[in-house]
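Asks: First, the structure itself, so that you have it in front of you.
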Amino acid sequence: MPLLTPYQLGRFQLSHRIVLAPLTRCRAYNALPQPHAAIYYAQRTTPGCLLISEATGSSESASGYPCTPGIWSREQIEAWKPVVKAVHDKGGYFFCQIWHAGRVSHTAYQCNGAAPVSSTNKGIRHGNVTLPSGKEQADYSTPRALTTEEIPQYVEQFRIAARNAIEAGFDGVDIHGAHGYLIDQFLKDGVNDRTDKYGGSIENRCRFAMEVVEAVAKEIGSSRLGIRISPFADFADATDSDPVALGVQFATSLNKHNLLYMHCVEPRMKAAGEIETNQSSWPIRKAYKNSFSVGGGFTMADGNEAIRSGKADRVEFGRLFLANPDFVKRFALGAPLNKYKREFFYTQDPVIGYTDYPFLEQQNLQENLKNLKDLNLKAS
């Protein structure tokens, strides 16, 4: 099966092409990675596999969800170290995804109740934000557009976060440029209404992202750096009038930085779920010169086809991987998969919907015990 073939990703010898996608799990109390995160990631690690962490804040103002981790402080660096070690001890490679939520936030997450920052003063019209308690919901707060002069400060936050991630032991960094968050708010013309050098043309809208890429690459090396984009997605009202052109321009601009990889979320992955579309990431794949991965609602079958056809070098799996800690083994055996429990995706429980999904051996043992019990009952 193509997904189970080895792949040389820069300095990293991958034993297969299945990647754990970055998945926000909302279980990092006080923005600190917890011991249960080490269990969660280690469960999903196989020798030579690549895992990408949940989105990790680049600064105190970066969050828009309860209990998401950060990487801006010494305490956070130290808290990440045992989590990273748990992955390395099982032979895996671990990249830290760094992000800033931008306007996908609320004043409750901001220092002194300030307005969240963005490329724009326009607020998100659809959906609600979950407040830090994890229980109440509210409308998204109206953002404040960053001034031209302020933007280098946010580039610097990404640079420092990347440096901290490497100090924590991560093998590399994945920049979150997708799903309606700060970088995506600059990329998409449905959000970005700026008239300075960061707005207007596609090249200008890509400028902030490229400045972040350049700064981080200089800090940790381009061979440790990847980036994720979602030109087709409409999360948090982040839409673009020509996503293919945006993606191709982004890939072309990215080529000169010689990053380790680029990850593009497939057009079928929308806020409301998977949809049929005639749009494709193929033009973006063809424009990008380095390693390319895809994600967004893939099954085992179409993941294999993506590798076989050359559409991607690796496929990132999210919901299926979180529900099946031994996903790679089940894939290899053609074994049935656990069903994910959507209602527990973003709860703050350290076990339920997090580390309690059963391994195949546990299920087989339970089934055998049940069969034995049934036989004993019939014999009696």
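How things are named: the first chain in the structure tokens is A, the next is B, and so on; residues count from 1 in each chain; ligands count from 1 in the order shown.
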Set out as a Markdown table a contact list for range 178-249 of chain A and range 6-27 of chain A with a cut-off of 10 Å, giving each residue of range 178-249 of chain A that qualifies its closest atom pair and distance in Å to one decimal, counting only C-alpha atoms, ordered by chain and rising residue number.

Replies:
| residue | atom | partner | partner_atom | distance |
| --- | --- | --- | --- | --- |
| A:Ser223 | CA | A:Gly10 | CA | 6.6 |
| A:Arg224 | CA | A:Gly10 | CA | 8.4 |
| A:Arg228 | CA | A:Pro22 | CA | 9.7 |

Asks: Could you give me the residues within range 143-346 of chain A that DSSP places in strand (DSSP E), as a ChimeraX atom specification?

Replies: /A:144-145,172-177,225-229,261-265,269-270,273-274,291-295,314-317

Asks: Which is closer to Phe250 in chain A than all the others in A:Asp313, A:Asp302, A:Asp196, A:Asp184, using only C-alpha atoms?

Replies: A:Asp184

Asks: Taking 2 positions as the minimum chain separation for residues in the same chain, which residues sit within 10 Å of Phe327 in chain A when counting only C-alpha atoms? Answer as number ranges by chain.

Replies: A: 18, 20, 43-46, 317, 320-325, 329-333, 335-338, 359-360

Asks: If you keep N, CA and C atoms, can you produce a file of those selected residues as a CSV table (one decimal), in the first residue's frame?

Replies:
chain,number,residue,atom,x,y,z
A,18,ILE,N,1.9,8.2,6.7
A,18,ILE,CA,0.7,8.6,7.5
A,18,ILE,C,1.2,9.5,8.5
A,20,LEU,N,0.2,12.3,11.8
A,20,LEU,CA,-0.8,12.8,12.7
A,20,LEU,C,-1.0,14.2,12.4
A,43,GLN,N,0.9,7.3,22.6
A,43,GLN,CA,0.0,6.3,22.1
A,43,GLN,C,-0.1,6.2,20.6
A,44,ARG,N,0.1,7.4,19.9
A,44,ARG,CA,-0.1,7.5,18.5
A,44,ARG,C,1.3,7.4,17.7
A,45,THR,N,2.3,7.1,18.5
A,45,THR,CA,3.7,7.1,17.9
A,45,THR,C,4.1,5.7,17.5
A,46,THR,N,4.6,5.6,16.3
A,46,THR,CA,5.2,4.3,15.8
A,46,THR,C,6.6,4.7,15.4
A,317,PHE,N,-3.8,12.6,8.7
A,317,PHE,CA,-5.1,12.1,9.2
A,317,PHE,C,-5.4,12.7,10.6
A,320,LEU,N,-9.6,10.3,12.3
A,320,LEU,CA,-9.4,8.8,12.4
A,320,LEU,C,-8.2,8.5,13.3
A,321,PHE,N,-7.2,9.3,13.3
A,321,PHE,CA,-6.0,9.1,14.1
A,321,PHE,C,-6.3,9.3,15.6
A,322,LEU,N,-7.0,10.3,15.9
A,322,LEU,CA,-7.3,10.6,17.3
A,322,LEU,C,-8.2,9.4,17.9
A,323,ALA,N,-9.0,8.9,17.1
A,323,ALA,CA,-9.9,7.8,17.6
A,323,ALA,C,-9.3,6.4,17.5
A,324,ASN,N,-8.1,6.3,16.9
A,324,ASN,CA,-7.4,5.1,16.7
A,324,ASN,C,-5.9,5.3,17.0
A,325,PRO,N,-5.5,5.1,18.3
A,325,PRO,CA,-4.1,5.4,18.6
A,325,PRO,C,-3.2,4.5,17.9
A,329,LYS,N,-1.2,0.6,12.5
A,329,LYS,CA,-1.3,-0.8,12.6
A,329,LYS,C,-2.6,-1.3,12.0
A,330,ARG,N,-3.7,-0.7,12.4
A,330,ARG,CA,-5.0,-1.0,11.8
A,330,ARG,C,-5.1,-0.9,10.3
A,331,PHE,N,-4.4,0.2,9.9
A,331,PHE,CA,-4.4,0.4,8.4
A,331,PHE,C,-3.6,-0.8,7.7
A,332,ALA,N,-2.5,-1.2,8.3
A,332,ALA,CA,-1.7,-2.2,7.7
A,332,ALA,C,-2.4,-3.6,7.7
A,333,LEU,N,-3.2,-3.8,8.8
A,333,LEU,CA,-3.9,-5.1,8.9
A,333,LEU,C,-5.3,-5.1,8.2
A,335,ALA,N,-7.8,-3.7,9.6
A,335,ALA,CA,-8.7,-3.9,10.8
A,335,ALA,C,-9.7,-2.8,10.9
A,336,PRO,N,-10.9,-3.1,11.5
A,336,PRO,CA,-11.9,-2.1,11.7
A,336,PRO,C,-11.4,-1.0,12.6
A,337,LEU,N,-12.0,0.2,12.3
A,337,LEU,CA,-11.5,1.4,13.1
A,337,LEU,C,-12.6,1.8,14.2
A,338,ASN,N,-12.0,2.3,15.3
A,338,ASN,CA,-12.9,2.9,16.3
A,338,ASN,C,-13.6,4.1,15.6
A,359,PHE,N,-7.0,0.2,21.9
A,359,PHE,CA,-6.1,-0.4,20.9
A,359,PHE,C,-6.8,-1.6,20.4
A,360,LEU,N,-6.3,-2.1,19.3
A,360,LEU,CA,-6.9,-3.3,18.7
A,360,LEU,C,-6.8,-4.5,19.6

Asks: Can you list, as a list in words, every protein, DNA or RNA residue that comes within 10 Å of Ala301 in chain A when you count only C-alpha atoms, leaving out same-chain residues fewer than 4 positions away?

Replies: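 Near neighbours after the sequence-gap exclusion: Met1, Leu3, Glu305 and Ala306 of chain A.
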
Asks: Name all residues at most 7 Å from range 258-264 of chain A (count only C-alpha atoms; drop same-chain ones fewer than 2 positions away) and give them as a list in words.

Replies: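 Near range 258-264 of chain A, the qualifying residues are Gly10, Ser222, Ser223, Arg224, Leu225, Gly226, Ile227, Arg228, Ile229, Ser230, Asn255, Lys256, Glu266, Asn290, Ser291, Phe292, Ser293, Val294 and Gly295 of chain A.
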
Asks: Write the residues you've just listed into a file as an mmCIF file, in the first residue's frame, and include N, CA and C atoms for each of them.

Replies:
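Saved as part18.cif:
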data_model
loop_
_atom_site.group_PDB
_atom_site.id
_atom_site.type_symbol
_atom_site.label_atom_id
_atom_site.label_comp_id
_atom_site.auth_asym_id
_atom_site.auth_seq_id
_atom_site.Cartn_x
_atom_site.Cartn_y
_atom_site.Cartn_z
ATOM 1 N N GLY A 10 13.674 15.172 4.069
ATOM 2 C CA GLY A 10 14.864 15.877 4.523
ATOM 3 C C GLY A 10 15.749 14.939 5.321
ATOM 4 N N SER A 222 15.600 26.187 7.494
ATOM 5 C CA SER A 222 14.461 25.814 6.643
ATOM 6 C C SER A 222 14.251 24.312 6.610
ATOM 7 N N SER A 223 15.299 23.533 6.900
ATOM 8 C CA SER A 223 15.189 22.070 6.870
ATOM 9 C C SER A 223 14.387 21.513 8.039
ATOM 10 N N ARG A 224 14.009 22.387 8.988
ATOM 11 C CA ARG A 224 13.172 21.963 10.119
ATOM 12 C C ARG A 224 11.789 22.599 10.061
ATOM 13 N N LEU A 225 11.444 23.176 8.938
ATOM 14 C CA LEU A 225 10.247 24.029 8.893
ATOM 15 C C LEU A 225 9.254 23.602 7.825
ATOM 16 N N GLY A 226 7.974 23.537 8.235
ATOM 17 C CA GLY A 226 6.883 23.315 7.308
ATOM 18 C C GLY A 226 5.791 24.346 7.552
ATOM 19 N N ILE A 227 4.809 24.387 6.672
ATOM 20 C CA ILE A 227 3.703 25.329 6.835
ATOM 21 C C ILE A 227 2.419 24.709 6.310
ATOM 22 N N ARG A 228 1.314 25.083 6.930
ATOM 23 C CA ARG A 228 -0.001 24.565 6.544
ATOM 24 C C ARG A 228 -0.863 25.709 6.042
ATOM 25 N N ILE A 229 -1.535 25.503 4.899
ATOM 26 C CA ILE A 229 -2.468 26.495 4.368
ATOM 27 C C ILE A 229 -3.774 25.806 3.993
ATOM 28 N N SER A 230 -4.842 26.607 3.911
ATOM 29 C CA SER A 230 -6.158 26.073 3.527
ATOM 30 C C SER A 230 -6.872 27.089 2.638
ATOM 31 N N ASN A 255 8.702 28.716 -2.574
ATOM 32 C CA ASN A 255 9.783 27.931 -3.165
ATOM 33 C C ASN A 255 11.166 28.496 -2.850
ATOM 34 N N LYS A 256 11.282 29.813 -2.848
ATOM 35 C CA LYS A 256 12.610 30.414 -2.653
ATOM 36 C C LYS A 256 13.137 30.221 -1.234
ATOM 37 N N GLU A 266 -7.287 19.986 1.693
ATOM 38 C CA GLU A 266 -8.075 19.756 0.488
ATOM 39 C C GLU A 266 -9.339 20.620 0.447
ATOM 40 N N ASN A 290 9.050 21.466 -3.340
ATOM 41 C CA ASN A 290 9.539 20.562 -2.302
ATOM 42 C C ASN A 290 8.449 19.568 -1.885
ATOM 43 N N SER A 291 8.668 18.922 -0.756
ATOM 44 C CA SER A 291 7.752 17.880 -0.309
ATOM 45 C C SER A 291 6.368 18.449 0.004
ATOM 46 N N PHE A 292 5.341 17.713 -0.362
ATOM 47 C CA PHE A 292 3.966 18.220 -0.303
ATOM 48 C C PHE A 292 3.073 17.192 0.372
ATOM 49 N N SER A 293 2.283 17.646 1.341
ATOM 50 C CA SER A 293 1.322 16.755 1.987
ATOM 51 C C SER A 293 -0.067 17.349 1.898
ATOM 52 N N VAL A 294 -1.065 16.488 2.049
ATOM 53 C CA VAL A 294 -2.462 16.909 1.983
ATOM 54 C C VAL A 294 -3.197 16.350 3.193
ATOM 55 N N GLY A 295 -4.358 16.911 3.468
ATOM 56 C CA GLY A 295 -5.200 16.439 4.544
ATOM 57 C C GLY A 295 -6.599 16.980 4.368
#

Asks: Please determine, counting only C-alpha atoms, which residue among A:His179, A:Lys197, A:Arg159, A:Lys286 has the shortest atom-to-atom distance to Gly310 in chain A.

Replies: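 Answer, going by the shortest atom-to-atom distance: A:Lys286.
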
Asks: May I have all residues of range 139-280 of chain A that DSSP, computed from the backbone, assigns to helix (DSSP H, G or I), given as a ChimeraX atom specification?

Replies: /A:151-167,182-187,202-205,207-220,222-224,235-237,243-255

Asks: Please produce a file of those selected residues containing C-alpha atoms, as a CSV table (one decimal), in the first residue's frame.

Replies:
chain,number,residue,atom,x,y,z
A,151,ILE,CA,3.3,43.7,12.2
A,152,PRO,CA,7.1,43.0,12.7
A,153,GLN,CA,6.3,42.4,16.4
A,154,TYR,CA,4.0,39.5,15.5
A,155,VAL,CA,6.6,38.1,13.1
A,156,GLU,CA,9.1,38.2,16.0
A,157,GLN,CA,6.6,36.3,18.2
A,158,PHE,CA,6.6,33.4,15.7
A,159,ARG,CA,10.4,33.5,15.5
A,160,ILE,CA,10.8,33.3,19.3
A,161,ALA,CA,8.1,30.6,19.5
A,162,ALA,CA,10.0,28.5,16.9
A,163,ARG,CA,13.3,28.9,18.8
A,164,ASN,CA,11.5,27.8,22.0
A,165,ALA,CA,10.0,24.8,20.3
A,166,ILE,CA,13.5,23.6,19.3
A,167,GLU,CA,14.7,24.2,22.8
A,182,LEU,CA,-4.1,35.3,11.9
A,183,ILE,CA,-1.9,34.3,8.9
A,184,ASP,CA,-5.0,33.2,6.9
A,185,GLN,CA,-6.6,36.5,7.8
A,186,PHE,CA,-3.9,38.2,5.8
A,187,LEU,CA,-4.0,35.8,3.0
A,202,ILE,CA,-2.1,38.3,-3.8
A,203,GLU,CA,1.6,39.1,-3.5
A,204,ASN,CA,0.9,41.7,-0.8
A,205,ARG,CA,-1.5,39.4,1.1
A,207,ARG,CA,3.7,39.2,2.6
A,208,PHE,CA,3.0,38.6,6.3
A,209,ALA,CA,3.2,34.9,5.9
A,210,MET,CA,6.5,35.1,4.0
A,211,GLU,CA,8.0,37.4,6.6
A,212,VAL,CA,7.1,34.8,9.3
A,213,VAL,CA,8.5,32.0,7.2
A,214,GLU,CA,11.8,33.9,6.5
A,215,ALA,CA,12.2,34.9,10.2
A,216,VAL,CA,11.5,31.3,11.5
A,217,ALA,CA,13.7,29.8,8.8
A,218,LYS,CA,16.6,32.0,9.7
A,219,GLU,CA,16.1,31.1,13.4
A,220,ILE,CA,15.8,27.3,13.2
A,222,SER,CA,14.5,25.8,6.6
A,223,SER,CA,15.2,22.1,6.9
A,224,ARG,CA,13.2,22.0,10.1
A,235,PHE,CA,-13.5,28.6,8.6
A,236,ALA,CA,-14.3,31.7,10.6
A,237,ASP,CA,-15.6,33.6,7.5
A,243,PRO,CA,-8.3,30.1,-3.9
A,244,VAL,CA,-6.4,28.3,-6.6
A,245,ALA,CA,-4.6,31.5,-7.6
A,246,LEU,CA,-3.9,32.3,-4.0
A,247,GLY,CA,-2.5,28.8,-3.4
A,248,VAL,CA,-0.3,28.8,-6.5
A,249,GLN,CA,1.1,32.2,-5.7
A,250,PHE,CA,1.8,31.1,-2.1
A,251,ALA,CA,3.5,28.0,-3.3
A,252,THR,CA,5.6,29.9,-5.8
A,253,SER,CA,6.6,32.5,-3.2
A,254,LEU,CA,7.5,29.7,-0.7
A,255,ASN,CA,9.8,27.9,-3.2

Asks: With only C-alpha atoms as the counted atoms, please give the residues lying no more than 7 Å from Ser141 in chain A, apart from itself and same-chain residues fewer than 5 positions off, as a ChimeraX atom specification.

Replies: /A:105-107,115,123

Asks: At what distance in Å, to one decimal, does CA of Thr68 in chain A lie from CA of Val351 in chain A?

Replies: 16.0 Å

Asks: If you count only C-alpha atoms, which residues fall within 8 Å of Thr130 in chain A, apart from same-chain ones fewer than 6 positions away, as a PDB file with N, CA, C and O atoms, in the first residue's frame?

Replies:
ATOM      1  N   GLY A  64      -7.631  31.511  21.227  1.00  0.00           N
ATOM      2  CA  GLY A  64      -9.043  31.799  21.081  1.00  0.00           C
ATOM      3  C   GLY A  64      -9.891  30.624  21.534  1.00  0.00           C
ATOM      4  O   GLY A  64     -11.092  30.585  21.283  1.00  0.00           O
ATOM      5  N   TYR A  65      -9.250  29.658  22.204  1.00  0.00           N
ATOM      6  CA  TYR A  65      -9.917  28.452  22.669  1.00  0.00           C
ATOM      7  C   TYR A  65      -9.469  28.154  24.098  1.00  0.00           C
ATOM      8  O   TYR A  65      -8.336  28.481  24.477  1.00  0.00           O
ATOM      9  N   PRO A  66     -10.298  27.501  24.886  1.00  0.00           N
ATOM     10  CA  PRO A  66      -9.891  27.172  26.258  1.00  0.00           C
ATOM     11  C   PRO A  66      -8.809  26.102  26.292  1.00  0.00           C
ATOM     12  O   PRO A  66      -8.812  25.178  25.477  1.00  0.00           O
ATOM     13  N   GLU A 136     -19.220  28.536  28.755  1.00  0.00           N
ATOM     14  CA  GLU A 136     -20.021  29.593  28.131  1.00  0.00           C
ATOM     15  C   GLU A 136     -19.526  29.888  26.710  1.00  0.00           C
ATOM     16  O   GLU A 136     -18.350  29.705  26.394  1.00  0.00           O
ATOM     17  N   GLN A 137     -20.478  30.354  25.896  1.00  0.00           N
ATOM     18  CA  GLN A 137     -20.142  30.796  24.547  1.00  0.00           C
ATOM     19  C   GLN A 137     -20.577  32.241  24.356  1.00  0.00           C
ATOM     20  O   GLN A 137     -21.469  32.734  25.050  1.00  0.00           O
ATOM     21  N   ALA A 138     -19.934  32.906  23.403  1.00  0.00           N
ATOM     22  CA  ALA A 138     -20.239  34.311  23.130  1.00  0.00           C
ATOM     23  C   ALA A 138     -19.945  34.598  21.670  1.00  0.00           C
ATOM     24  O   ALA A 138     -19.362  33.770  20.955  1.00  0.00           O
TER      25      ALA A 138
END

Asks: Rank nothing, just name the residue among A:Gln76, A:Ser201, A:Thr120, A:Thr142 nearest to Tyr29 in chain A, using only C-alpha atoms.

Replies: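 That would be A:Gln76, the residue with the smallest distance to Tyr29 in chain A.
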
Asks: Considering only C-alpha atoms, can you say which of A:Ala114, A:Ala37, A:Ile175, A:Ala312 comes closest to Gly57 in chain A?

Replies: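 Checking each of A:Ala114, A:Ala37, A:Ile175, A:Ala312 against Gly57 in chain A, counting only C-alpha atoms, the winner is A:Ile175.
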
Asks: What is the distance between CA of Asp240 in chain A and CA of Asp193 in chain A, in Å to one decimal?

Replies: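 Separation between CA of Asp240 in chain A and CA of Asp193 in chain A: 11.8 Å.
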
Asks: How many Å separate CA of Val87 in chain A from CA of Leu51 in chain A?

Replies: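 CA of Leu51 in chain A lies at a distance of 8.6 Å from CA of Val87 in chain A.
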